[in-house]
Structures are given as C-alpha cells and as structure tokens.
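**Q** So that you have it, the file is work02.txt, and it contains compact mmCIF, C-alpha atoms:
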```txt
# COMPACT_ATOMS: atom_id res chain seq x y z
CA MET M 16 -35.99 49.85 -91.77
CA GLU M 17 -33.71 48.01 -89.37
CA GLY M 18 -30.83 49.65 -87.55
CA ILE M 19 -32.45 53.10 -87.48
CA GLY M 20 -34.68 52.93 -84.45
CA ILE M 21 -33.69 52.63 -80.82
CA ASP M 22 -33.78 48.98 -79.75
CA THR M 23 -33.97 47.53 -76.28
CA ILE M 24 -31.39 45.10 -74.92
CA SER M 25 -32.36 42.77 -72.08
CA LEU M 26 -29.50 42.46 -69.61
CA PRO M 27 -28.27 39.04 -68.49
CA LEU M 28 -28.48 38.10 -64.77
CA VAL M 29 -30.85 40.95 -63.85
CA ASP M 30 -34.39 41.10 -65.15
CA TYR M 31 -34.16 44.51 -66.76
CA GLU M 32 -34.24 46.05 -70.22
CA VAL M 33 -32.19 49.04 -71.36
CA THR M 34 -32.13 50.86 -74.69
CA ASN M 35 -29.08 50.41 -76.87
CA THR M 36 -28.38 54.13 -76.32
CA ILE M 37 -27.71 53.50 -72.63
CA PHE M 38 -25.77 50.32 -73.37
CA ASN M 39 -23.50 52.13 -75.85
CA ILE M 40 -22.97 54.95 -73.36
CA TRP M 41 -21.85 52.33 -70.82
CA ILE M 42 -19.32 51.01 -73.34
CA ILE M 43 -17.98 54.53 -73.96
CA MET M 44 -17.87 55.27 -70.22
CA ALA M 45 -15.98 52.05 -69.54
CA PHE M 46 -13.49 52.86 -72.30
CA LEU M 47 -12.92 56.41 -71.02
CA VAL M 48 -12.53 55.28 -67.41
CA VAL M 49 -10.07 52.52 -68.36
CA MET M 50 -8.05 54.98 -70.48
CA ALA M 51 -7.99 57.49 -67.63
CA VAL M 52 -6.77 54.86 -65.16
CA VAL M 53 -4.14 53.54 -67.59
CA VAL M 54 -2.80 57.05 -68.28
CA ARG M 55 -2.77 57.86 -64.55
CA VAL M 56 -0.94 54.68 -63.56
CA LYS M 57 1.75 55.11 -66.21
CA LEU M 58 2.31 58.81 -65.44
CA THR M 59 6.02 59.64 -65.80
CA ARG M 60 8.22 62.74 -65.94
CA VAL M 61 9.21 61.94 -69.54
CA PRO M 62 5.88 61.33 -71.32
CA GLY M 63 5.28 58.23 -73.38
CA LYS M 64 3.00 58.12 -76.43
CA LEU M 65 -0.24 57.69 -74.49
CA GLN M 66 0.65 60.39 -71.98
CA LEU M 67 1.54 62.74 -74.84
CA VAL M 68 -1.92 62.32 -76.33
CA ALA M 69 -3.53 62.88 -72.92
CA GLU M 70 -1.46 66.02 -72.37
CA MET M 71 -2.46 67.29 -75.81
CA VAL M 72 -6.15 66.81 -74.96
CA VAL M 73 -5.77 68.68 -71.65
CA GLU M 74 -3.77 71.51 -73.21
CA GLY M 75 -6.20 71.69 -76.13
CA SER M 76 -9.18 72.17 -73.82
CA GLN M 77 -7.31 74.82 -71.84
CA TRP M 78 -6.37 76.58 -75.09
CA LEU M 79 -10.01 76.54 -76.25
CA VAL M 80 -11.25 77.98 -72.94
CA ASP M 81 -8.50 80.63 -72.92
CA ASN M 82 -9.38 81.69 -76.45
CA THR M 83 -13.16 81.79 -76.16
CA MET M 84 -13.69 82.84 -72.52
CA GLY M 85 -10.47 84.47 -71.37
CA GLU M 86 -7.62 83.17 -69.20
CA ASP M 87 -9.38 84.05 -65.92
CA LYS M 88 -12.11 81.45 -66.63
CA ARG M 89 -9.82 78.45 -66.92
CA GLY M 90 -11.98 76.64 -64.35
CA PHE M 91 -14.27 75.65 -67.21
CA ALA M 92 -11.53 73.60 -68.88
CA PRO M 93 -12.32 70.30 -67.03
CA TYR M 94 -15.99 70.41 -68.01
CA THR M 95 -15.03 71.35 -71.58
CA MET M 96 -12.69 68.37 -71.80
CA THR M 97 -15.25 65.96 -70.32
CA LEU M 98 -17.94 67.12 -72.73
CA ALA M 99 -15.61 67.05 -75.74
CA LEU M 100 -14.22 63.57 -74.95
CA PHE M 101 -17.68 62.08 -74.40
CA LEU M 102 -19.08 63.66 -77.57
CA VAL M 103 -16.08 62.65 -79.71
CA PHE M 104 -16.34 59.00 -78.68
CA ALA M 105 -20.15 59.04 -78.85
CA ASN M 106 -20.14 60.49 -82.36
CA LEU M 107 -17.33 58.23 -83.59
CA SER M 108 -18.93 55.08 -82.15
CA GLY M 109 -20.71 54.67 -85.50
CA LEU M 110 -17.36 53.50 -86.88
CA VAL M 111 -17.37 50.39 -84.68
CA ALA M 112 -20.95 49.49 -85.61
CA LEU M 113 -22.58 50.91 -82.50
CA ARG M 114 -25.62 53.11 -82.86
CA GLN M 115 -24.45 56.60 -81.90
CA PRO M 116 -25.84 57.51 -78.45
CA THR M 117 -26.08 61.13 -79.63
CA ALA M 118 -28.68 60.04 -82.22
CA ASP M 119 -31.10 59.84 -79.28
CA LEU M 120 -32.84 63.06 -78.28
CA ASN M 121 -32.75 62.09 -74.59
CA VAL M 122 -28.93 62.19 -74.53
CA THR M 123 -28.51 65.45 -76.44
CA PHE M 124 -31.28 67.16 -74.51
CA ALA M 125 -29.70 66.11 -71.21
CA LEU M 126 -26.37 67.60 -72.33
CA ALA M 127 -28.12 70.78 -73.51
CA LEU M 128 -29.91 71.04 -70.14
CA ILE M 129 -26.54 70.90 -68.36
CA THR M 130 -25.42 73.81 -70.57
CA PHE M 131 -28.69 75.63 -69.83
CA PHE M 132 -28.24 75.35 -66.05
CA LEU M 133 -24.56 76.27 -66.28
CA VAL M 134 -25.43 79.38 -68.29
CA HIS M 135 -27.99 80.58 -65.77
CA TYR M 136 -26.00 79.59 -62.68
CA HIS M 137 -22.93 81.47 -63.83
CA GLY M 138 -25.06 84.37 -65.08
CA LEU M 139 -26.62 84.68 -61.62
CA LYS M 140 -23.25 84.36 -59.91
CA ALA M 141 -21.48 86.92 -62.11
CA LYS M 142 -24.22 89.57 -62.24
CA GLY M 143 -26.02 89.12 -58.93
CA GLY M 144 -29.79 88.63 -58.65
CA LEU M 145 -30.84 92.14 -59.66
CA GLY M 146 -28.42 92.47 -62.55
CA TYR M 147 -29.48 89.04 -63.78
CA LEU M 148 -33.17 90.00 -63.76
CA LYS M 149 -32.37 93.31 -65.39
CA SER M 150 -30.73 91.53 -68.33
CA TYR M 151 -34.18 90.25 -69.31
CA PHE M 152 -35.50 93.80 -69.73
CA GLU M 153 -32.77 94.90 -72.13
CA PRO M 154 -32.59 96.76 -74.42
CA LEU M 155 -36.24 97.75 -73.78
CA ALA M 156 -38.71 96.66 -71.09
CA PHE M 157 -41.31 95.23 -73.46
CA MET M 158 -38.67 92.85 -74.89
CA PHE M 159 -39.11 90.64 -71.78
CA PRO M 160 -41.25 87.89 -73.44
CA ILE M 161 -38.88 87.73 -76.42
CA ASN M 162 -35.88 87.37 -74.11
CA VAL M 163 -37.57 84.56 -72.16
CA VAL M 164 -38.43 82.70 -75.37
CA SER M 165 -34.86 83.05 -76.62
CA GLU M 166 -33.55 81.59 -73.35
CA ILE M 167 -35.90 78.60 -73.68
CA ALA M 168 -34.92 78.15 -77.33
CA LEU M 169 -31.26 77.71 -76.33
CA PRO M 170 -31.37 74.09 -75.08
CA VAL M 171 -33.88 73.16 -77.78
CA SER M 172 -31.74 74.41 -80.66
CA LEU M 173 -28.53 73.08 -79.08
CA SER M 174 -29.94 69.58 -78.62
CA PHE M 175 -31.80 69.36 -81.92
CA ARG M 176 -28.70 70.40 -83.89
CA LEU M 177 -26.62 67.50 -82.57
CA PHE M 178 -29.53 65.06 -82.60
CA GLY M 179 -30.58 65.92 -86.16
CA ASN M 180 -27.04 65.64 -87.49
CA MET M 181 -26.33 62.28 -85.89
CA LEU M 182 -29.77 60.81 -86.68
CA GLY M 183 -29.33 61.98 -90.27
CA SER M 184 -26.01 60.17 -90.41
CA VAL M 185 -27.52 57.00 -88.91
CA ILE M 186 -30.33 56.97 -91.49
CA ILE M 187 -28.12 57.78 -94.47
CA MET M 188 -25.59 55.10 -93.45
CA ALA M 189 -28.40 52.53 -93.10
CA LEU M 190 -29.66 53.46 -96.59
CA LEU M 191 -26.14 53.27 -98.00
CA TYR M 192 -25.56 49.83 -96.47
CA SER M 193 -28.86 48.58 -97.87
CA PHE M 194 -27.96 49.23 -101.51
CA ALA M 195 -24.12 49.21 -101.52
CA PRO M 196 -22.78 47.07 -98.66
CA VAL M 197 -19.07 47.19 -99.66
CA ILE M 198 -16.46 49.96 -100.09
CA ILE M 199 -18.95 52.77 -100.87
CA PRO M 200 -20.05 53.15 -97.19
CA LEU M 201 -16.41 54.08 -96.41
CA ILE M 202 -17.01 57.48 -98.03
CA GLY M 203 -20.17 57.89 -96.01
CA HIS M 204 -18.34 56.96 -92.80
CA ALA M 205 -15.57 59.44 -93.56
CA TYR M 206 -18.03 62.29 -94.06
CA PHE M 207 -20.97 61.55 -91.78
CA ASP M 208 -19.19 59.90 -88.87
CA ILE M 209 -15.73 61.45 -88.76
CA PHE M 210 -16.18 64.90 -90.32
CA ALA M 211 -19.72 65.70 -89.15
CA GLY M 212 -19.13 64.03 -85.78
CA LEU M 213 -15.99 66.04 -84.99
CA ILE M 214 -17.47 69.30 -86.31
CA GLN M 215 -20.63 68.84 -84.24
CA THR M 216 -18.56 68.08 -81.13
CA PHE M 217 -16.59 71.25 -81.67
CA ILE M 218 -19.75 73.28 -82.31
CA PHE M 219 -21.50 71.96 -79.21
CA VAL M 220 -18.52 72.73 -76.97
CA MET M 221 -17.90 76.15 -78.55
CA LEU M 222 -21.56 77.16 -78.28
CA THR M 223 -21.67 76.06 -74.62
CA LEU M 224 -18.62 78.19 -73.81
CA THR M 225 -19.90 81.13 -75.87
CA PHE M 226 -23.33 81.13 -74.24
CA ILE M 227 -21.81 81.01 -70.75
CA THR M 228 -19.45 83.90 -71.59
CA LEU M 229 -22.28 85.96 -73.09
CA LYS M 230 -24.43 85.53 -70.00
CA MET M 231 -21.58 86.41 -67.64
CA GLU M 232 -20.77 89.71 -69.34
CA MET F 14 -61.31 53.46 -102.17
CA ILE F 15 -58.73 55.25 -100.01
CA SER F 16 -59.16 54.81 -96.28
CA GLY F 17 -58.54 57.61 -93.79
CA GLU F 18 -55.30 56.07 -92.54
CA GLU F 19 -53.89 55.67 -96.04
CA LEU F 20 -54.72 59.27 -96.82
CA ILE F 21 -52.88 60.43 -93.69
CA ASN F 22 -49.84 58.29 -94.59
CA ALA F 23 -49.77 59.63 -98.15
CA ALA F 24 -50.15 63.23 -96.98
CA SER F 25 -47.43 62.68 -94.36
CA ALA F 26 -44.99 61.44 -97.00
CA LEU F 27 -45.76 64.48 -99.15
CA GLY F 28 -45.41 66.72 -96.12
CA ALA F 29 -42.03 65.20 -95.24
CA GLY F 30 -40.80 65.93 -98.75
CA ALA F 31 -42.18 69.45 -98.65
CA ALA F 32 -40.57 70.09 -95.24
CA MET F 33 -37.13 69.37 -96.68
CA ILE F 34 -37.50 72.40 -99.01
CA ALA F 35 -36.14 74.27 -95.98
CA GLY F 36 -32.78 72.73 -96.90
CA ILE F 37 -32.45 75.47 -99.52
CA GLY F 38 -32.23 78.12 -96.82
CA ALA F 39 -29.58 76.27 -94.81
CA GLY F 40 -27.59 75.62 -97.99
CA ILE F 41 -27.63 79.26 -99.04
CA GLY F 42 -26.71 80.37 -95.52
CA GLN F 43 -23.79 77.97 -95.21
CA GLY F 44 -22.57 78.77 -98.69
CA PHE F 45 -22.63 82.46 -97.89
CA ALA F 46 -20.69 81.86 -94.66
CA ALA F 47 -18.09 79.72 -96.49
CA GLY F 48 -17.73 82.30 -99.28
CA LYS F 49 -17.19 85.13 -96.83
CA GLY F 50 -14.76 82.95 -94.88
CA ALA F 51 -12.72 82.25 -98.03
CA GLU F 52 -12.73 85.99 -98.79
CA ALA F 53 -11.50 86.80 -95.28
CA VAL F 54 -8.70 84.20 -95.49
CA GLY F 55 -7.70 85.63 -98.87
CA ARG F 56 -7.45 89.09 -97.38
CA GLN F 57 -5.76 88.07 -94.11
CA PRO F 58 -4.10 84.65 -94.44
CA GLU F 59 -2.44 85.03 -91.02
CA ALA F 60 -5.86 85.04 -89.27
CA GLN F 61 -6.88 81.75 -90.86
CA GLY F 62 -7.46 79.87 -87.60
CA VAL F 63 -9.81 82.45 -86.12
CA VAL F 64 -11.67 82.87 -89.43
CA ILE F 65 -12.24 79.13 -89.82
CA ARG F 66 -13.44 78.79 -86.23
CA THR F 67 -15.89 81.68 -86.58
CA MET F 68 -17.05 80.38 -89.96
CA LEU F 69 -17.77 76.89 -88.63
CA LEU F 70 -19.72 78.35 -85.73
CA GLY F 71 -21.79 80.53 -88.08
CA ALA F 72 -22.33 77.67 -90.51
CA ALA F 73 -23.53 75.41 -87.69
CA VAL F 74 -26.01 78.02 -86.50
CA ALA F 75 -27.23 78.52 -90.08
CA GLU F 76 -27.66 74.76 -90.33
CA THR F 77 -30.17 74.70 -87.45
CA THR F 78 -33.20 75.54 -89.62
CA GLY F 79 -32.31 72.72 -92.00
CA ILE F 80 -32.00 70.33 -89.05
CA TYR F 81 -35.42 71.41 -87.77
CA ALA F 82 -36.87 70.56 -91.17
CA LEU F 83 -35.13 67.17 -91.09
CA VAL F 84 -36.50 66.43 -87.62
CA ILE F 85 -40.03 67.33 -88.73
CA ALA F 86 -39.70 65.19 -91.86
CA LEU F 87 -38.47 62.22 -89.78
CA LEU F 88 -41.27 62.79 -87.28
CA LEU F 89 -43.84 62.64 -90.07
CA LEU F 90 -42.34 59.45 -91.50
CA PHE F 91 -41.37 57.40 -88.43
CA ALA F 92 -43.27 58.81 -85.43
CA ASN F 93 -46.37 60.30 -86.98
CA PRO F 94 -48.47 62.05 -84.32
CA LEU F 95 -51.57 62.02 -86.55
CA THR F 96 -52.09 58.29 -87.04
```
Re-express the file's structure as structure tokens.

**A**
Amino acid sequence: MEGIGIDTISLPLVDYEVTNTIFNIWIIMAFLVVMAVVVRVKLTRVPGKLQLVAEMVVEGSQWLVDNTMGEDKRGFAPYTMTLALFLVFANLSGLVALRQPTADLNVTFALALITFFLVHYHGLKAKGGLGYLKSYFEPLAFMFPINVVSEIALPVSLSFRLFGNMLGSVIIMALLYSFAPVIIPLIGHAYFDIFAGLIQTFIFVMLTLTFITLKME
Amino acid sequence: MISGEELINAASALGAGAAMIAGIGAGIGQGFAAGKGAEAVGRQPEAQGVVIRTMLLGAAVAETTGIYALVIALLLLFANPLT
C-alpha cells in the first residue's frame, strides 16, 4: 500500500538521497528554530500572544520536572522541553500530510538511547561507581542477570511504544483514506494524530524523567 | 499446487492475525487501570490531576505488550524475515 512505507527523496543540487523521515525532521527543525528566533527577537516586558505561549511551554516543563523529580532537579527542564516540543510537532505532523518521523524506528530508538545514556550517566554521578554497581546486585546477588536484562529492555520498550503507536496511526489513516477519502478521516485524525500523539509525547517525557529519578535514588 | 513461498506468505498472514490476540491483554490491562482511576477520582475528586497522570502512565505501560504484538504482526506482513 502506498503512503505506509518510508520513501526516499532525492535532493536537488546535491547528488544525495534522504528518507522522508529525515526530510520531515528538517522541516520540523526549521519550524522550531524560526519560532525560537521570532519569539526571542520580539521579547518584551509585557508579553504578547506568542510570548505568552512560549512562557507557558517553559513554565509547563518546569512544573512537570518539579512534580516528577523534585525542585532540586530543575536542570532537566530544558531537555524535557526540547524533547516534548520535538515529539509534539513530530507526532502532529500527520495533520499536514507529512509522514510522522516518529513512525520510523531509527528516530524513536535514537531518542530512547539518549534517555538510556542519561539514566546511566546520572545514576553513576548520583551514586558513585561502587553504589552504581551495587544497585545491580539488589535485592539479592543472583538477581544480577535479571537486572541487566531489565536495563537493556528500557530503551527497547520505550522506543517500540512510540514507534508502534505512530506506525499504527499511519497504517490506519492510510486504510481510512483508501475507502473513505472525505470527512470520515477527520475522526481518525482527531484520535490517532492529536489524542494518541499528545498522550505518547507525554508518556515518553514522563517515563524518561521517572527512569532518571529512579536511577538517581 | 502450493509453492513454498506461497505457503510462507499464507502462514505469515495467519501468524499476524494470531499475534494480534495479544490485544486482549492490553485491553484488559488498560480497562482495569481506567476503572481504578475512575474509582480513585470518585473517592478523592481533589486529587484528579495526579490520578489521571498516574493512570495514563500505567495505561501506557500496559499498552506495551499490545504494541509488541502489533510490531510483530507488521513485521510478518511487510518485512517478513522468512521469505
């Protein structure tokens, strides 16, 4: 079926092919960068509409970090906001007829790997080398292999959850468009793109923060 | 006469359908989480925000098995490793 798989786009001027995943990520990146520059240039003491939205996003990410990790770990707020903004626009890009970049396992696995390294880096930093190693032998020494497997399962489950959800939405929307091209896909867009997309963004960010907090304790 | 490739394709389609039986488990799990969430909101309406956040997190984790089944079904249909 067309529209489901990942296509390649050959770039003009340079002799190079990219997948439409990468191309759509470029579009989202360009949009985010332009928005950031516009908000920064028009920064005023009395906020306008755009600045109000930007402030809400910043305060929302700080609120989320405060509530899930504690106020002393507010340094995670910038990463939280970056991740949330990218995932929101990536998941909602289905509304403007782009193939969602998050329906590609490479993207979601890369994001999950960032979470994986963050978890272990901050675990090492908070507990020290010995305490970190000791956490693998808890509650009992012979649990070591199980603990290692559960650590490896973390990026896999995190990436497959987002990937499966978004790929499912891509396939169901393609099916819906093939037999009912007008009006009816609106319902599908409302559920699969907006609802599922926002929920999965929230879940991904929340799980990242929760895993980091768990490892630091 | 059925060739080997056709047999693998037919079995893969059946396997993809059978894999999606796992959806039952995810459905029961999410329903349970939502039911308990509704119960908790009914008992403590002032804690609604925290309850909904925890419920969504639990529901998403319960959904993982269903998503695994979906990925395996899609693998069998579109990227079959056997053919």

**Q** Please identify every residue of chain F that has at least one atom no more than 9 Å from any atom of chain M, counting all atoms listed in the file, and report them as a PyMOL selection string.

**A** chain F and resi 69-70+73-74+76-78+80-81+83-84+91

**Q** Could those selected residues go to a file with C-alpha atoms, as a PDB file, in the frame of the given file?

**A**
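Below is the file that was written, again.pdb:
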```pdb
ATOM      1  CA  LEU F  69     -17.770  76.890 -88.630  1.00  0.00           C
ATOM      2  CA  LEU F  70     -19.720  78.350 -85.730  1.00  0.00           C
ATOM      3  CA  ALA F  73     -23.530  75.410 -87.690  1.00  0.00           C
ATOM      4  CA  VAL F  74     -26.010  78.020 -86.500  1.00  0.00           C
ATOM      5  CA  GLU F  76     -27.660  74.760 -90.330  1.00  0.00           C
ATOM      6  CA  THR F  77     -30.170  74.700 -87.450  1.00  0.00           C
ATOM      7  CA  THR F  78     -33.200  75.540 -89.620  1.00  0.00           C
ATOM      8  CA  ILE F  80     -32.000  70.330 -89.050  1.00  0.00           C
ATOM      9  CA  TYR F  81     -35.420  71.410 -87.770  1.00  0.00           C
ATOM     10  CA  LEU F  83     -35.130  67.170 -91.090  1.00  0.00           C
ATOM     11  CA  VAL F  84     -36.500  66.430 -87.620  1.00  0.00           C
ATOM     12  CA  PHE F  91     -41.370  57.400 -88.430  1.00  0.00           C
TER      13      PHE F  91
END
```

**Q** Using all atoms listed in the file, can you tell me which of F:Ile15, F:Ala51, F:Leu89, F:Ile21 comes closest to F:Met33?

**A**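 Residue with the minimum atom-to-atom distance to F:Met33: F:Leu89.
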
**Q** Would you work out the distance separating atom CA of M:Leu169 from atom CA of M:Leu229, expressed in Å to one decimal?

**A**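 Separating atom CA of M:Leu169 from atom CA of M:Leu229 is a distance of 12.6 Å.
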
**Q** Calculated over only C-alpha atoms, which of the candidates M:Ala168, M:Phe157, M:Leu58, M:Arg114 has the smallest distance to M:Ile42?

**A**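 Result for the nearest residue to M:Ile42: M:Arg114.
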
**Q** How many Å lie between atom CA of F:Ile37 and atom CA of F:Ala75, rounded to one decimal?

**A**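 Atom-to-atom, atom CA of F:Ile37 to atom CA of F:Ala75, that is 11.2 Å.
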
**Q** Between atom CA of M:Ile202 and atom CA of M:Ala105, what is the spacing in Å?

**A**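 Taking atom CA of M:Ala105 as the start and atom CA of M:Ile202 as the end point, the length is 19.5 Å.
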
**Q** With a distance cut-off of 8 Å and all atoms listed in the file, select the neighbouring residues of F:Ala35, excluding the residue or stretch itself and same-chain residues fewer than 4 positions from it, and output the selection as a list in words.

**A** Ala39, Thr78, Gly79 and Ala82 of chain F

**Q** How would the residues just chosen look if you wrote them out with C-alpha atoms as a tab-separated table (two decimals), in the frame of the given file?

**A**
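Heads up, here's the output in selection.tsv:
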```tsv
chain	number	residue	atom	x	y	z
F	39	ALA	CA	-29.58	76.27	-94.81
F	78	THR	CA	-33.20	75.54	-89.62
F	79	GLY	CA	-32.31	72.72	-92.00
F	82	ALA	CA	-36.87	70.56	-91.17
```

**Q** First collect every listed atom of stretch 214-232 of chain M; then fit an axis-aligned box around them, widen it by 4 Å on each side, and give centre and edge lengths in Å to one decimal, as AutoDock Vina command-line options.

**A**
```
--center_x -20.5 --center_y 78.9 --center_z -77.0 --size_x 15.8 --size_y 29.6 --size_z 26.7
```

**Q** Check the smallest atom-to-atom distance from each of F:Ile85, F:Lys49, F:Pro94, F:Arg66 to F:Ala31 using only C-alpha atoms, then report the winner.

**A**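 Result for the nearest residue to F:Ala31: F:Ile85.
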
**Q** What lies within 9 Å of M:Leu47 using only C-alpha atoms, ignoring chain neighbours under 5 positions off, as a ChimeraX atom specification?

**A** /M:42,52,100-101,104

**Q** Would you export the selected residues with C-alpha atoms as a PDB file, in the frame of the given file, please?

**A**
```
ATOM      1  CA  ILE M  42     -19.320  51.010 -73.340  1.00  0.00           C
ATOM      2  CA  VAL M  52      -6.770  54.860 -65.160  1.00  0.00           C
ATOM      3  CA  LEU M 100     -14.220  63.570 -74.950  1.00  0.00           C
ATOM      4  CA  PHE M 101     -17.680  62.080 -74.400  1.00  0.00           C
ATOM      5  CA  PHE M 104     -16.340  59.000 -78.680  1.00  0.00           C
TER       6      PHE M 104
END
```

**Q** Export stretch 21-31 of chain F from the structure block above, keeping all heavy atoms, as a short mmCIF file (atom, residue, chain, number, x, y, z; two decimals), in the first residue's frame.

**A**
```cif
data_model
loop_
_atom_site.label_atom_id
_atom_site.label_comp_id
_atom_site.auth_asym_id
_atom_site.auth_seq_id
_atom_site.Cartn_x
_atom_site.Cartn_y
_atom_site.Cartn_z
N ILE F 21 4.56 -19.85 2.87
CA ILE F 21 5.12 -18.96 3.90
C ILE F 21 4.28 -17.69 4.01
O ILE F 21 3.97 -17.22 5.11
CB ILE F 21 6.59 -18.62 3.56
CG1 ILE F 21 7.46 -19.85 3.82
CG2 ILE F 21 7.09 -17.45 4.41
CD1 ILE F 21 8.90 -19.66 3.46
N ASN F 22 3.85 -17.13 2.85
CA ASN F 22 3.03 -15.92 2.88
C ASN F 22 1.71 -16.18 3.60
O ASN F 22 1.27 -15.37 4.42
CB ASN F 22 2.76 -15.43 1.46
CG ASN F 22 3.95 -14.70 0.88
OD1 ASN F 22 4.79 -14.22 1.63
ND2 ASN F 22 4.03 -14.65 -0.43
N ALA F 23 1.07 -17.32 3.27
CA ALA F 23 -0.21 -17.64 3.90
C ALA F 23 -0.04 -17.81 5.41
O ALA F 23 -0.81 -17.27 6.21
CB ALA F 23 -0.79 -18.90 3.28
N ALA F 24 1.00 -18.55 5.78
CA ALA F 24 1.24 -18.78 7.21
C ALA F 24 1.57 -17.49 7.94
O ALA F 24 1.17 -17.29 9.09
CB ALA F 24 2.36 -19.80 7.38
N SER F 25 2.27 -16.58 7.23
CA SER F 25 2.62 -15.29 7.85
C SER F 25 1.38 -14.46 8.10
O SER F 25 1.24 -13.81 9.15
CB SER F 25 3.57 -14.50 6.95
OG SER F 25 4.75 -15.22 6.75
N ALA F 26 0.44 -14.48 7.14
CA ALA F 26 -0.80 -13.72 7.33
C ALA F 26 -1.57 -14.28 8.52
O ALA F 26 -2.08 -13.52 9.36
CB ALA F 26 -1.64 -13.78 6.07
N LEU F 27 -1.64 -15.62 8.59
CA LEU F 27 -2.32 -16.24 9.74
C LEU F 27 -1.60 -15.88 11.04
O LEU F 27 -2.23 -15.58 12.05
CB LEU F 27 -2.35 -17.77 9.58
CG LEU F 27 -3.40 -18.32 8.63
CD1 LEU F 27 -3.23 -19.82 8.52
CD2 LEU F 27 -4.78 -17.98 9.14
N GLY F 28 -0.28 -15.92 10.99
CA GLY F 28 0.50 -15.60 12.19
C GLY F 28 0.30 -14.17 12.63
O GLY F 28 0.21 -13.89 13.82
N ALA F 29 0.20 -13.25 11.65
CA ALA F 29 -0.02 -11.84 12.00
C ALA F 29 -1.36 -11.68 12.70
O ALA F 29 -1.47 -10.97 13.72
CB ALA F 29 0.03 -10.98 10.74
N GLY F 30 -2.38 -12.37 12.19
CA GLY F 30 -3.68 -12.32 12.85
C GLY F 30 -3.62 -12.90 14.24
O GLY F 30 -4.15 -12.33 15.20
N ALA F 31 -2.95 -14.04 14.37
CA ALA F 31 -2.86 -14.70 15.67
C ALA F 31 -2.08 -13.85 16.67
O ALA F 31 -2.41 -13.81 17.86
CB ALA F 31 -2.20 -16.07 15.52
#
```
